[in-house]
>>> print(open('target.tsv').read())   # TSV, C-alpha atoms
chain	number	residue	atom	x	y	z
A	158	MET	CA	16.07	-65.68	89.97
A	159	GLY	CA	18.79	-63.12	90.53
A	160	GLY	CA	18.95	-60.25	92.96
A	161	PRO	CA	20.81	-57.02	93.60
A	162	PRO	CA	24.58	-57.42	94.06
A	163	LEU	CA	26.42	-56.71	97.29
A	164	ASP	CA	27.96	-53.24	96.84
A	165	SER	CA	31.29	-52.24	98.35
A	166	ASP	CA	29.87	-50.22	101.27
A	167	LEU	CA	27.55	-53.03	102.35
A	168	ALA	CA	30.28	-55.63	101.87
A	169	GLU	CA	32.66	-53.60	104.04
A	170	SER	CA	30.08	-53.21	106.83
A	171	LEU	CA	29.20	-56.90	106.70
A	172	SER	CA	32.89	-57.87	106.80
A	173	ALA	CA	33.46	-55.70	109.89
A	174	LEU	CA	30.48	-57.29	111.64
A	175	LYS	CA	31.64	-60.83	110.85
A	176	ALA	CA	35.15	-60.02	112.04
A	177	ILE	CA	34.12	-58.73	115.48
A	178	PHE	CA	31.84	-61.73	116.06
A	179	GLN	CA	34.81	-63.96	115.30
A	180	ARG	CA	37.17	-62.02	117.57
A	181	ARG	CA	34.69	-62.09	120.46
A	182	LYS	CA	33.86	-65.76	119.80
A	183	LEU	CA	30.12	-65.09	119.76
A	184	PRO	CA	27.64	-67.28	117.86
A	185	LEU	CA	26.87	-66.11	114.33
A	186	GLU	CA	25.00	-67.97	111.61
A	187	LEU	CA	24.46	-66.38	108.23
A	188	GLY	CA	22.76	-68.05	105.29
A	189	ALA	CA	21.48	-67.17	101.84
A	190	ALA	CA	17.79	-66.29	101.79
A	191	ASP	CA	15.68	-67.94	99.12
A	192	ALA	CA	15.40	-65.61	96.14
A	193	THR	CA	11.68	-66.31	95.77
A	194	LEU	CA	11.08	-65.28	99.38
A	195	VAL	CA	13.15	-62.12	98.95
A	196	GLU	CA	11.11	-61.22	95.88
A	197	GLU	CA	7.92	-61.74	97.91
A	198	LEU	CA	9.32	-59.42	100.59
A	199	ARG	CA	10.09	-56.84	97.93
A	200	LYS	CA	6.52	-56.91	96.68
A	201	LYS	CA	4.75	-57.00	100.05
A	202	LEU	CA	7.06	-54.85	102.18
A	203	ARG	CA	8.87	-52.79	99.53
A	204	ILE	CA	12.23	-53.63	101.11
A	205	PRO	CA	14.97	-51.70	99.25
A	206	SER	CA	17.60	-53.25	97.00
A	207	ARG	CA	20.51	-52.97	99.46
A	208	PHE	CA	18.60	-54.81	102.18
A	209	ARG	CA	17.57	-57.47	99.65
A	210	ALA	CA	21.22	-57.90	98.71
A	211	PHE	CA	22.04	-58.38	102.39
A	212	LEU	CA	19.40	-61.10	102.81
A	213	LEU	CA	20.55	-62.94	99.69
A	214	GLU	CA	24.20	-62.83	100.79
A	215	ALA	CA	24.00	-62.99	104.60
A	216	ASP	CA	20.51	-63.85	105.86
A	217	PRO	CA	20.86	-63.38	109.67
A	218	ILE	CA	19.70	-66.83	110.80
A	219	ARG	CA	21.39	-66.22	114.14
A	220	LEU	CA	22.80	-62.75	114.70
A	221	GLU	CA	22.57	-60.92	118.00
A	222	THR	CA	25.02	-58.16	118.83
A	223	VAL	CA	26.20	-57.80	122.42
A	224	SER	CA	27.31	-54.61	124.15
A	225	PRO	CA	26.96	-53.34	127.74
A	226	VAL	CA	24.00	-51.12	126.84
A	227	GLU	CA	22.14	-52.97	124.07
A	228	ARG	CA	21.59	-56.29	122.35
A	229	VAL	CA	20.26	-56.19	118.80
A	230	ARG	CA	18.88	-59.30	117.12
A	231	LEU	CA	18.47	-59.00	113.37
A	232	LEU	CA	15.56	-60.97	111.94
A	233	PRO	CA	16.06	-63.64	109.27
A	234	ALA	CA	14.10	-63.34	106.04
A	235	SER	CA	11.75	-66.14	107.12
A	236	GLU	CA	10.48	-64.07	110.08
A	237	LEU	CA	10.09	-60.66	108.46
A	238	LEU	CA	6.51	-60.96	107.19
A	239	GLU	CA	5.23	-62.41	110.46
A	240	GLU	CA	7.01	-59.71	112.49
A	241	GLN	CA	5.14	-56.93	110.69
A	242	LYS	CA	1.70	-58.33	111.57
A	243	GLY	CA	1.65	-57.08	115.14
A	244	PHE	CA	2.10	-53.52	113.92
A	245	ALA	CA	-0.36	-53.42	111.03
A	246	LEU	CA	-3.98	-52.32	111.11
A	247	LEU	CA	-6.81	-54.82	111.15
A	248	GLU	CA	-8.94	-55.25	108.02
A	249	ASP	CA	-11.55	-52.82	109.37
A	250	GLY	CA	-8.85	-50.16	109.80
A	251	SER	CA	-8.72	-50.36	113.59
A	252	PRO	CA	-5.38	-50.65	115.38
A	253	ARG	CA	-4.07	-54.16	116.03
A	254	THR	CA	-2.35	-52.94	119.21
A	255	GLU	CA	-2.91	-49.88	121.37
A	256	ASN	CA	-0.26	-47.75	119.74
A	257	SER	CA	-0.24	-49.27	116.24
A	258	SER	CA	-2.40	-46.41	114.93
A	259	SER	CA	0.78	-44.30	114.90
A	260	TRP	CA	2.79	-47.00	113.11
A	261	ARG	CA	3.47	-46.13	109.47
A	262	LYS	CA	3.10	-48.56	106.58
A	263	THR	CA	6.56	-47.56	105.38
A	264	TRP	CA	8.24	-48.77	108.59
A	265	ILE	CA	9.58	-52.28	108.12
A	266	ILE	CA	10.87	-54.09	111.21
A	267	ILE	CA	14.23	-55.80	110.65
A	268	GLY	CA	15.35	-56.41	114.23
A	269	ARG	CA	14.59	-56.24	117.92
A	270	SER	CA	16.31	-55.15	121.09
A	271	THR	CA	16.44	-58.33	123.16
A	272	LEU	CA	17.04	-56.17	126.24
A	273	LEU	CA	14.07	-53.84	125.87
A	274	GLY	CA	11.90	-55.37	123.15
A	275	ASP	CA	12.04	-52.19	121.04
A	276	PRO	CA	11.86	-52.62	117.26
A	277	TYR	CA	14.54	-51.57	114.80
A	278	PHE	CA	13.05	-50.69	111.43
A	279	LEU	CA	13.71	-49.33	107.95
A	280	ASP	CA	11.76	-46.34	106.67
A	281	VAL	CA	11.25	-47.20	103.02
A	282	SER	CA	9.39	-43.97	102.18
A	283	LYS	CA	12.60	-42.28	101.03
A	284	LEU	CA	15.33	-44.31	99.35
A	285	ASP	CA	18.77	-42.95	98.55
A	286	ALA	CA	20.77	-43.40	95.34
A	287	GLU	CA	22.22	-46.68	96.63
A	288	GLY	CA	18.80	-48.24	97.20
A	289	ASP	CA	19.11	-47.81	100.95
A	290	CYS	CA	17.23	-45.90	103.64
A	291	HIS	CA	17.34	-44.67	107.23
A	292	VAL	CA	17.11	-47.10	110.14
A	293	TYR	CA	15.14	-46.10	113.25
A	294	THR	CA	14.08	-47.46	116.59
A	295	ALA	CA	11.21	-46.47	118.88
A	296	MET	CA	10.36	-47.15	122.50
A	297	SER	CA	7.73	-49.85	122.97
A	298	GLY	CA	5.02	-49.59	125.60
A	299	THR	CA	4.27	-45.92	124.89
A	300	GLU	CA	1.10	-44.26	123.63
A	301	ARG	CA	2.69	-43.34	120.31
A	302	TRP	CA	5.65	-44.62	118.33
A	303	GLU	CA	8.27	-41.86	118.35
A	304	PRO	CA	11.00	-42.84	115.88
A	305	ARG	CA	14.64	-42.09	116.68
A	306	LEU	CA	17.33	-42.31	114.02
A	307	CYS	CA	19.83	-45.15	114.51
A	308	ALA	CA	21.70	-44.91	111.22
A	309	SER	CA	21.50	-42.96	107.98
A	310	SER	CA	21.46	-46.20	105.98
A	311	PHE	CA	21.26	-49.94	106.55
A	312	ALA	CA	24.92	-50.27	105.60
A	313	GLN	CA	25.80	-47.68	108.26
A	314	PHE	CA	23.59	-49.51	110.74
A	315	LEU	CA	25.62	-52.69	110.31
A	316	ARG	CA	28.82	-50.67	110.72
A	317	ILE	CA	27.55	-49.07	113.94
A	318	LEU	CA	26.59	-52.48	115.30
A	319	ALA	CA	30.12	-53.68	114.56
A	320	ILE	CA	31.65	-50.61	116.21
A	321	SER	CA	29.54	-51.06	119.34
A	322	MET	CA	30.81	-54.63	119.59
A	323	GLU	CA	34.40	-53.47	119.08
A	324	VAL	CA	34.13	-50.81	121.79
A	325	ALA	CA	32.46	-53.31	124.13
A	326	GLN	CA	35.40	-55.68	123.74
A	327	GLY	CA	37.60	-53.14	125.51
A	328	PHE	CA	35.31	-53.09	128.55
A	329	GLY	CA	35.38	-56.83	129.21
A	330	GLU	CA	32.44	-58.99	130.27
A	331	ALA	CA	31.79	-57.49	133.70
A	332	ILE	CA	28.60	-55.54	134.44
A	333	LEU	CA	29.36	-51.85	134.08
A	334	ASP	CA	28.72	-49.29	136.80
A	335	ASP	CA	27.36	-45.87	135.87
A	336	GLU	CA	30.81	-44.38	135.36
A	337	ASP	CA	31.95	-47.21	133.08
A	338	GLU	CA	28.69	-47.06	131.11
A	339	ALA	CA	29.18	-43.33	130.56
A	340	ALA	CA	32.73	-44.01	129.37
A	341	PHE	CA	31.49	-46.70	127.00
A	342	ARG	CA	28.85	-44.42	125.50
A	343	GLU	CA	31.34	-41.57	125.10
A	344	THR	CA	33.86	-43.82	123.35
A	345	LEU	CA	31.14	-45.23	121.10
A	346	GLY	CA	29.89	-41.75	120.31
A	347	GLN	CA	33.32	-40.63	119.12
A	348	LYS	CA	33.50	-43.63	116.79
A	349	ILE	CA	30.00	-43.06	115.41
A	350	LYS	CA	30.73	-39.36	114.87
A	351	SER	CA	33.36	-40.23	112.26
A	352	ILE	CA	31.02	-42.38	110.15
A	353	ASP	CA	27.46	-41.14	110.75
A	354	PRO	CA	27.19	-37.74	112.47
A	355	ALA	CA	23.40	-37.64	112.05
A	356	ALA	CA	23.05	-40.90	113.99
A	357	LEU	CA	25.21	-39.50	116.77
A	358	ARG	CA	23.12	-36.31	116.98
A	359	ALA	CA	19.92	-38.37	117.27
A	360	GLY	CA	21.26	-39.69	120.57
A	361	HIS	CA	20.05	-43.29	120.50
A	362	TRP	CA	23.47	-44.84	120.95
A	363	THR	CA	24.78	-42.36	123.52
>>> encode(input="target.tsv", output="structure tokens")
Amino acid sequence: MGGPPLDSDLAESLSALKAIFQRRKLPLELGAADATLVEELRKKLRIPSRFRAFLLEADPIRLETVSPVERVRLLPASELLEEQKGFALLEDGSPRTENSSSWRKTWIIIGRSTLLGDPYFLDVSKLDAEGDCHVYTAMSGTERWEPRLCASSFAQFLRILAISMEVAQGFGEAILDDEDEAAFRETLGQKIKSIDPAALRAGHWT
């Protein structure tokens, strides 16, 4: 069973992410998701073709980005279906959790903040010409899920994660004070501005 190929934009973003993990000597384990499982995810979650290509080429078995202000763990294909369950409605239509009534069926969780527990998710309601879509996050523990744009596409999301790791490398491993954190966010913002202005304007990263 075949799958969508890895296009040049996604390949470039993935290469940048791999490279910064290697430079920072952080653990990274990527696999190749089973094509049958990826097809099941396509049918049940409507995950777009570019994300399917990512899973088939670089299933994030162990991938957690590290920066002074955020840690993002991407979920492997084997965990994606289970991860959605806590946000779906029960069979009688009632919310599974207190704020899941504001969770949309078109939001597909692909990662978590290991610092805050907030989800990172695709919005598959509107796909672009490349078979990709916006990536959002939302603050957990609130009455309603209020999505905030993280990247204009999944490929851009991977690139921003790589950039945040690159910028973090220049700040060393020490805990940042408020002034250093502000400097980190400003430097990161300038980098994001050049590749995804909409993500910068949304303010999540800065």
>>> residues_around(input="target.tsv", residues="region 279-296 of chain A", least_positions_apart="2", cutoff="9 Å", atoms="all atoms listed in the file", output="short mmCIF file (atom, residue, chain, number, x, y, z; two decimals) with C-alpha atoms, keeping the file's coordinate frame")
data_model
loop_
_atom_site.label_atom_id
_atom_site.label_comp_id
_atom_site.auth_asym_id
_atom_site.auth_seq_id
_atom_site.Cartn_x
_atom_site.Cartn_y
_atom_site.Cartn_z
CA ASP A 164 27.96 -53.24 96.84
CA LEU A 202 7.06 -54.85 102.18
CA ARG A 203 8.87 -52.79 99.53
CA ILE A 204 12.23 -53.63 101.11
CA PRO A 205 14.97 -51.70 99.25
CA SER A 206 17.60 -53.25 97.00
CA ARG A 207 20.51 -52.97 99.46
CA PHE A 208 18.60 -54.81 102.18
CA ARG A 261 3.47 -46.13 109.47
CA LYS A 262 3.10 -48.56 106.58
CA THR A 263 6.56 -47.56 105.38
CA TRP A 264 8.24 -48.77 108.59
CA ILE A 265 9.58 -52.28 108.12
CA ILE A 266 10.87 -54.09 111.21
CA ILE A 267 14.23 -55.80 110.65
CA ARG A 269 14.59 -56.24 117.92
CA LEU A 273 14.07 -53.84 125.87
CA GLY A 274 11.90 -55.37 123.15
CA ASP A 275 12.04 -52.19 121.04
CA PRO A 276 11.86 -52.62 117.26
CA TYR A 277 14.54 -51.57 114.80
CA GLY A 298 5.02 -49.59 125.60
CA THR A 299 4.27 -45.92 124.89
CA ARG A 301 2.69 -43.34 120.31
CA TRP A 302 5.65 -44.62 118.33
CA GLU A 303 8.27 -41.86 118.35
CA PRO A 304 11.00 -42.84 115.88
CA ARG A 305 14.64 -42.09 116.68
CA LEU A 306 17.33 -42.31 114.02
CA CYS A 307 19.83 -45.15 114.51
CA ALA A 308 21.70 -44.91 111.22
CA SER A 309 21.50 -42.96 107.98
CA SER A 310 21.46 -46.20 105.98
CA PHE A 311 21.26 -49.94 106.55
CA ALA A 312 24.92 -50.27 105.60
CA GLN A 313 25.80 -47.68 108.26
CA PHE A 314 23.59 -49.51 110.74
CA HIS A 361 20.05 -43.29 120.50
#
>>> closest_residue(input="target.tsv", among="A:Ala168, A:Ala340, A:Ala173, A:Ala356", to="Ala319 (chain A)", atoms="all atoms listed in the file")
A:Ala173
>>> atom_distance(input="target.tsv", atom1="CA of Ser235 (chain A)", atom2="CA of Val195 (chain A)")
9.2 Å
>>> atom_distance(input="target.tsv", atom1="CA of Leu315 (chain A)", atom2="CA of Leu167 (chain A)")
8.2 Å
>>> closest_residue(input="target.tsv", among="A:Met322, A:Glu236, A:Glu338, A:Ile317", to="Ile352 (chain A)", atoms="all atoms listed in the file")
A:Ile317
>>> closest_residue(input="target.tsv", among="A:Pro161, A:Glu169, A:Trp260, A:Asp335", to="Glu300 (chain A)", atoms="only C-alpha atoms")
A:Trp260
>>> atom_distance(input="target.tsv", atom1="CA of Asp166 (chain A)", atom2="CA of Pro354 (chain A)")
17.0 Å
>>> residues_around(input="target.tsv", residues="Leu231 (chain A)", least_positions_apart="2", cutoff="8 Å", atoms="only C-alpha atoms", output="PyMOL selection string")
chain A and resi 217+219-221+229+233+267-269
>>> closest_residue(input="target.tsv", among="A:Asp353, A:Glu343, A:Glu323, A:Asp337", to="Gln179 (chain A)", atoms="only C-alpha atoms")
A:Glu323
>>> closest_residue(input="target.tsv", among="A:Asp216, A:Lys175, A:Leu272, A:Phe244", to="Ser259 (chain A)", atoms="all atoms listed in the file")
A:Phe244
>>> closest_residue(input="target.tsv", among="A:Leu318, A:Ala210, A:Leu198, A:Thr193", to="Ala176 (chain A)", atoms="all atoms listed in the file")
A:Leu318
